[in-house]
Amino acid sequence: MKVRWPLVVRRTHKWLALLVGVQVVIWTMTGFYMVAVHISIIHGDHLVRAPKVAAFDLDDVVPVSRVLAAAPGTSEVRLQRLFGEPVWRAQTAEGPRLFDARTGRPLPPLDETQIRAQAQRIFTGEAPIVSARLLTEIPPEIKAYEPPLWQVEFDGWNRPTLYLSPTTGELMSRRHQLWRIFDFAWMLHIMDYDERTDVNNPLLRVATWTALAMIATGAWLLIWAFPRRRRKKKA
């Protein structure tokens, strides 16, 4: 029995397109979004302002040895500012701690009023704060961080959200609607519907090879069709 290769390839191409065609459309749409919106916008660089750099008068601060004595096991000490005042930031085994740089006394965690003021100081927009919550469970959009964290959300269609350290008031991360759409598009693009990080998962590999097979069979049919049309014209 003679194999009719054009028919076999056509049917194979049709079924492959049926299986993976929707995913190819998803790849196209999500890829378009990810290149159309600039990555700096996705990162939310426009939402926060760079910290102001100001010189310190070292004669007014206690020596770093006072901080090391108060926080044994400190791996790093850094002089920075909090609400314009100098503070020592000590990185301990339990996490960062702040000390008043003028007195050497440890500073308590920031309360909600201070966090709101810090968020307004960092945020570039003029929208008011909608909510400020101390999170003990980390939402999926910042799953790389450890609790607790302050979540400060601002008003607006883009839902700008800042995540701040309760100990130091430092900006840990920022999120907004365009980032959330990007994250969803990325999930669909790499076909990792759980962690959204594995770009070499089995489902993606199967879909990729299926799409390549669809392209190959379609190319074969295209090449096969040209000589047939030429022969018909000569006849």
# chains A, B, ... in the order shown; residues from 1 in each chain; ligands from 1
$ select_by_dssp --residues "stretch 16-116 of chain A" --states "alpha helix (DSSP H)" --output "VMD selection string"
chain A and resid 16 to 36 39 to 42 64 to 70 112 to 116
$ closest_atom_pairs --of "stretch 77-192 of chain A" --to "stretch 207-228 of chain A" --cutoff "12 Å" --atoms "only C-alpha atoms" --output "CSV"
residue,atom,partner,partner_atom,distance
A:His189,CA,A:Ala207,CA,11.0
A:Ile190,CA,A:Ala207,CA,10.1
A:Met191,CA,A:Ala207,CA,9.0
$ residues_around --residues "A:Glu170" --least-positions-apart "2" --cutoff "10 Å" --atoms "only C-alpha atoms" --output "list in words"
Leu82, Ile115, Gln118, Ala119, Ile122, Tyr163, Leu164, Ser165, Pro166, Thr167, Thr168, Met172 and Ser173 of chain A
$ write_last_selection --atoms "all heavy atoms" --output "short mmCIF file (atom, residue, chain, number, x, y, z; two decimals), in the first residue's frame"
data_model
loop_
_atom_site.label_atom_id
_atom_site.label_comp_id
_atom_site.auth_asym_id
_atom_site.auth_seq_id
_atom_site.Cartn_x
_atom_site.Cartn_y
_atom_site.Cartn_z
N LEU A 82 17.53 57.92 58.93
CA LEU A 82 16.11 57.58 59.09
C LEU A 82 15.38 58.85 59.49
O LEU A 82 15.67 59.43 60.55
CB LEU A 82 15.94 56.49 60.15
CG LEU A 82 14.50 56.05 60.41
CD1 LEU A 82 13.91 55.38 59.17
CD2 LEU A 82 14.43 55.09 61.61
N ILE A 115 5.78 54.31 59.45
CA ILE A 115 5.81 53.60 58.16
C ILE A 115 5.08 54.40 57.09
O ILE A 115 5.54 54.52 55.95
CB ILE A 115 5.20 52.19 58.31
CG1 ILE A 115 6.18 51.28 59.06
CG2 ILE A 115 4.85 51.60 56.96
CD1 ILE A 115 7.45 50.95 58.29
N GLN A 118 7.28 57.22 56.10
CA GLN A 118 8.40 56.73 55.28
C GLN A 118 7.94 56.40 53.87
O GLN A 118 8.63 56.70 52.89
CB GLN A 118 9.02 55.50 55.96
CG GLN A 118 10.19 54.88 55.21
CD GLN A 118 11.45 55.72 55.28
OE1 GLN A 118 11.42 56.89 55.66
NE2 GLN A 118 12.57 55.13 54.90
N ALA A 119 6.77 55.77 53.73
CA ALA A 119 6.25 55.43 52.41
C ALA A 119 5.97 56.68 51.59
O ALA A 119 6.28 56.74 50.39
CB ALA A 119 4.98 54.59 52.56
N ILE A 122 9.16 58.09 50.25
CA ILE A 122 9.76 57.32 49.15
C ILE A 122 8.96 57.45 47.87
O ILE A 122 9.52 57.54 46.77
CB ILE A 122 9.87 55.83 49.56
CG1 ILE A 122 10.83 55.67 50.73
CG2 ILE A 122 10.34 54.97 48.39
CD1 ILE A 122 10.84 54.26 51.31
N TYR A 163 6.53 47.71 49.90
CA TYR A 163 6.78 46.79 51.00
C TYR A 163 8.01 47.27 51.75
O TYR A 163 9.10 47.38 51.17
CB TYR A 163 6.97 45.37 50.48
CG TYR A 163 5.70 44.77 49.91
CD1 TYR A 163 5.41 44.88 48.55
CD2 TYR A 163 4.80 44.11 50.73
CE1 TYR A 163 4.23 44.33 48.03
CE2 TYR A 163 3.63 43.57 50.22
CZ TYR A 163 3.35 43.68 48.87
OH TYR A 163 2.19 43.14 48.36
N LEU A 164 7.83 47.56 53.04
CA LEU A 164 8.88 48.17 53.85
C LEU A 164 9.24 47.27 55.02
O LEU A 164 8.40 46.54 55.57
CB LEU A 164 8.43 49.53 54.38
CG LEU A 164 7.92 50.55 53.35
CD1 LEU A 164 7.44 51.80 54.05
CD2 LEU A 164 9.00 50.87 52.35
N SER A 165 10.51 47.35 55.42
CA SER A 165 10.98 46.62 56.59
C SER A 165 10.43 47.26 57.85
O SER A 165 10.55 48.48 58.03
CB SER A 165 12.51 46.61 56.63
OG SER A 165 12.97 46.18 57.89
N PRO A 166 9.85 46.49 58.76
CA PRO A 166 9.35 47.08 60.00
C PRO A 166 10.47 47.50 60.95
O PRO A 166 10.24 48.30 61.85
CB PRO A 166 8.51 45.95 60.61
CG PRO A 166 9.12 44.70 60.07
CD PRO A 166 9.59 45.04 58.69
N THR A 167 11.65 46.97 60.74
CA THR A 167 12.78 47.27 61.61
C THR A 167 13.53 48.51 61.18
O THR A 167 13.89 49.37 62.00
CB THR A 167 13.75 46.09 61.67
OG1 THR A 167 13.04 44.91 62.03
CG2 THR A 167 14.86 46.32 62.67
N THR A 168 13.77 48.64 59.89
CA THR A 168 14.60 49.73 59.38
C THR A 168 13.84 50.75 58.53
O THR A 168 14.36 51.81 58.25
CB THR A 168 15.75 49.16 58.52
OG1 THR A 168 15.19 48.53 57.35
CG2 THR A 168 16.55 48.14 59.31
N MET A 172 11.75 47.28 50.59
CA MET A 172 12.14 45.92 50.23
C MET A 172 11.70 45.57 48.81
O MET A 172 12.43 44.91 48.08
CB MET A 172 11.54 44.92 51.22
CG MET A 172 11.87 45.21 52.68
SD MET A 172 13.64 45.30 53.00
CE MET A 172 14.12 43.60 52.69
N SER A 173 10.52 46.04 48.44
CA SER A 173 10.02 45.75 47.09
C SER A 173 8.87 46.69 46.77
O SER A 173 8.34 47.37 47.66
CB SER A 173 9.54 44.29 47.00
OG SER A 173 9.23 43.95 45.66
#
$ residues_around --residues "stretch 37-40 of chain A" --least-positions-apart "6" --cutoff "10 Å" --atoms "only C-alpha atoms" --output "count of residues only"
4
$ closest_residue --among "A:Leu47, A:Val62, A:Met29, A:Leu162" --to "A:Gly104" --atoms "only C-alpha atoms"
A:Val62
$ closest_residue --among "A:Glu141, A:Leu107, A:Leu79, A:Thr12" --to "A:Ile181" --atoms "only C-alpha atoms"
A:Glu141
$ closest_residue --among "A:Tyr33, A:Trp150, A:Trp186, A:Tyr145" --to "A:Arg133" --atoms "only C-alpha atoms"
A:Trp150
$ select_by_dssp --residues "stretch 104-210 of chain A" --states "strand (DSSP E or B)" --output "list of chain:residue names"
A:Pro106, A:Phe123, A:Ile129, A:Val130, A:Ser131, A:Ala132, A:Arg133, A:Leu134, A:Leu135, A:Leu149, A:Trp150, A:Gln151, A:Val152, A:Glu153, A:Phe154, A:Thr161, A:Leu162, A:Tyr163, A:Leu164, A:Leu171, A:Met172, A:Ser173, A:Arg174, A:Arg175
$ write_last_selection --atoms "C-alpha atoms" --output "compact mmCIF listing (two decimals), in the first residue's frame"
# COMPACT_ATOMS: atom_id res chain seq x y z
CA PRO A 106 18.69 50.64 70.05
CA PHE A 123 6.74 57.40 46.82
CA ILE A 129 -2.33 55.93 51.14
CA VAL A 130 -5.28 53.55 51.07
CA SER A 131 -4.00 51.03 53.61
CA ALA A 132 -0.95 50.10 55.68
CA ARG A 133 -0.75 46.58 57.09
CA LEU A 134 1.91 44.63 58.92
CA LEU A 135 2.02 41.27 57.17
CA LEU A 149 6.80 43.29 56.26
CA TRP A 150 4.72 46.43 56.06
CA GLN A 151 2.49 46.61 53.00
CA VAL A 152 1.54 50.18 52.08
CA GLU A 153 -0.93 50.58 49.21
CA PHE A 154 -1.64 53.86 47.45
CA THR A 161 2.19 49.04 46.65
CA LEU A 162 5.37 49.43 48.68
CA TYR A 163 6.78 46.79 51.00
CA LEU A 164 8.88 48.17 53.85
CA LEU A 171 12.06 49.67 50.85
CA MET A 172 12.14 45.92 50.23
CA SER A 173 10.02 45.75 47.09
CA ARG A 174 7.34 47.52 45.08
CA ARG A 175 4.45 46.19 43.04
$ residues_around --residues "A:Phe83" --least-positions-apart "2" --cutoff "10 Å" --atoms "only C-alpha atoms" --output "number ranges by chain"
A: 81, 85-87, 114, 117-118, 121, 169
$ residues_around --residues "A:Trp157" --least-positions-apart "3" --cutoff "10 Å" --atoms "only C-alpha atoms" --output "list in words"
Phe154, Pro160, His176 and Gln177 of chain A
$ write_last_selection --atoms "C-alpha atoms" --output "PDB file, in the first residue's frame"
ATOM      1  CA  PHE A 154      -1.643  53.864  47.449  1.00  0.00           C
ATOM      2  CA  PRO A 160       1.065  51.112  43.666  1.00  0.00           C
ATOM      3  CA  HIS A 176       1.739  47.621  40.793  1.00  0.00           C
ATOM      4  CA  GLN A 177      -0.899  46.431  38.338  1.00  0.00           C
TER       5      GLN A 177
END
$ atom_distance --atom1 "atom CA of A:Gly125" --atom2 "atom CA of A:Glu112"
19.8 Å
$ atom_distance --atom1 "atom CA of A:Arg66" --atom2 "atom CA of A:Ala54"
23.1 Å
$ residues_around --residues "A:Val67" --least-positions-apart "5" --cutoff "8 Å" --atoms "only C-alpha atoms" --output "list in words"
Trp88, Ala90, Phe99 and Gly104 of chain A
$ write_last_selection --atoms "C-alpha atoms" --output "tab-separated table (two decimals), in the first residue's frame"
chain	number	residue	atom	x	y	z
A	88	TRP	CA	23.71	52.83	62.75
A	90	ALA	CA	23.71	46.56	62.26
A	99	PHE	CA	20.76	52.22	66.76
A	104	GLY	CA	24.00	54.41	70.70
$ atom_distance --atom1 "atom CA of A:Thr30" --atom2 "atom CA of A:Leu188"
7.3 Å
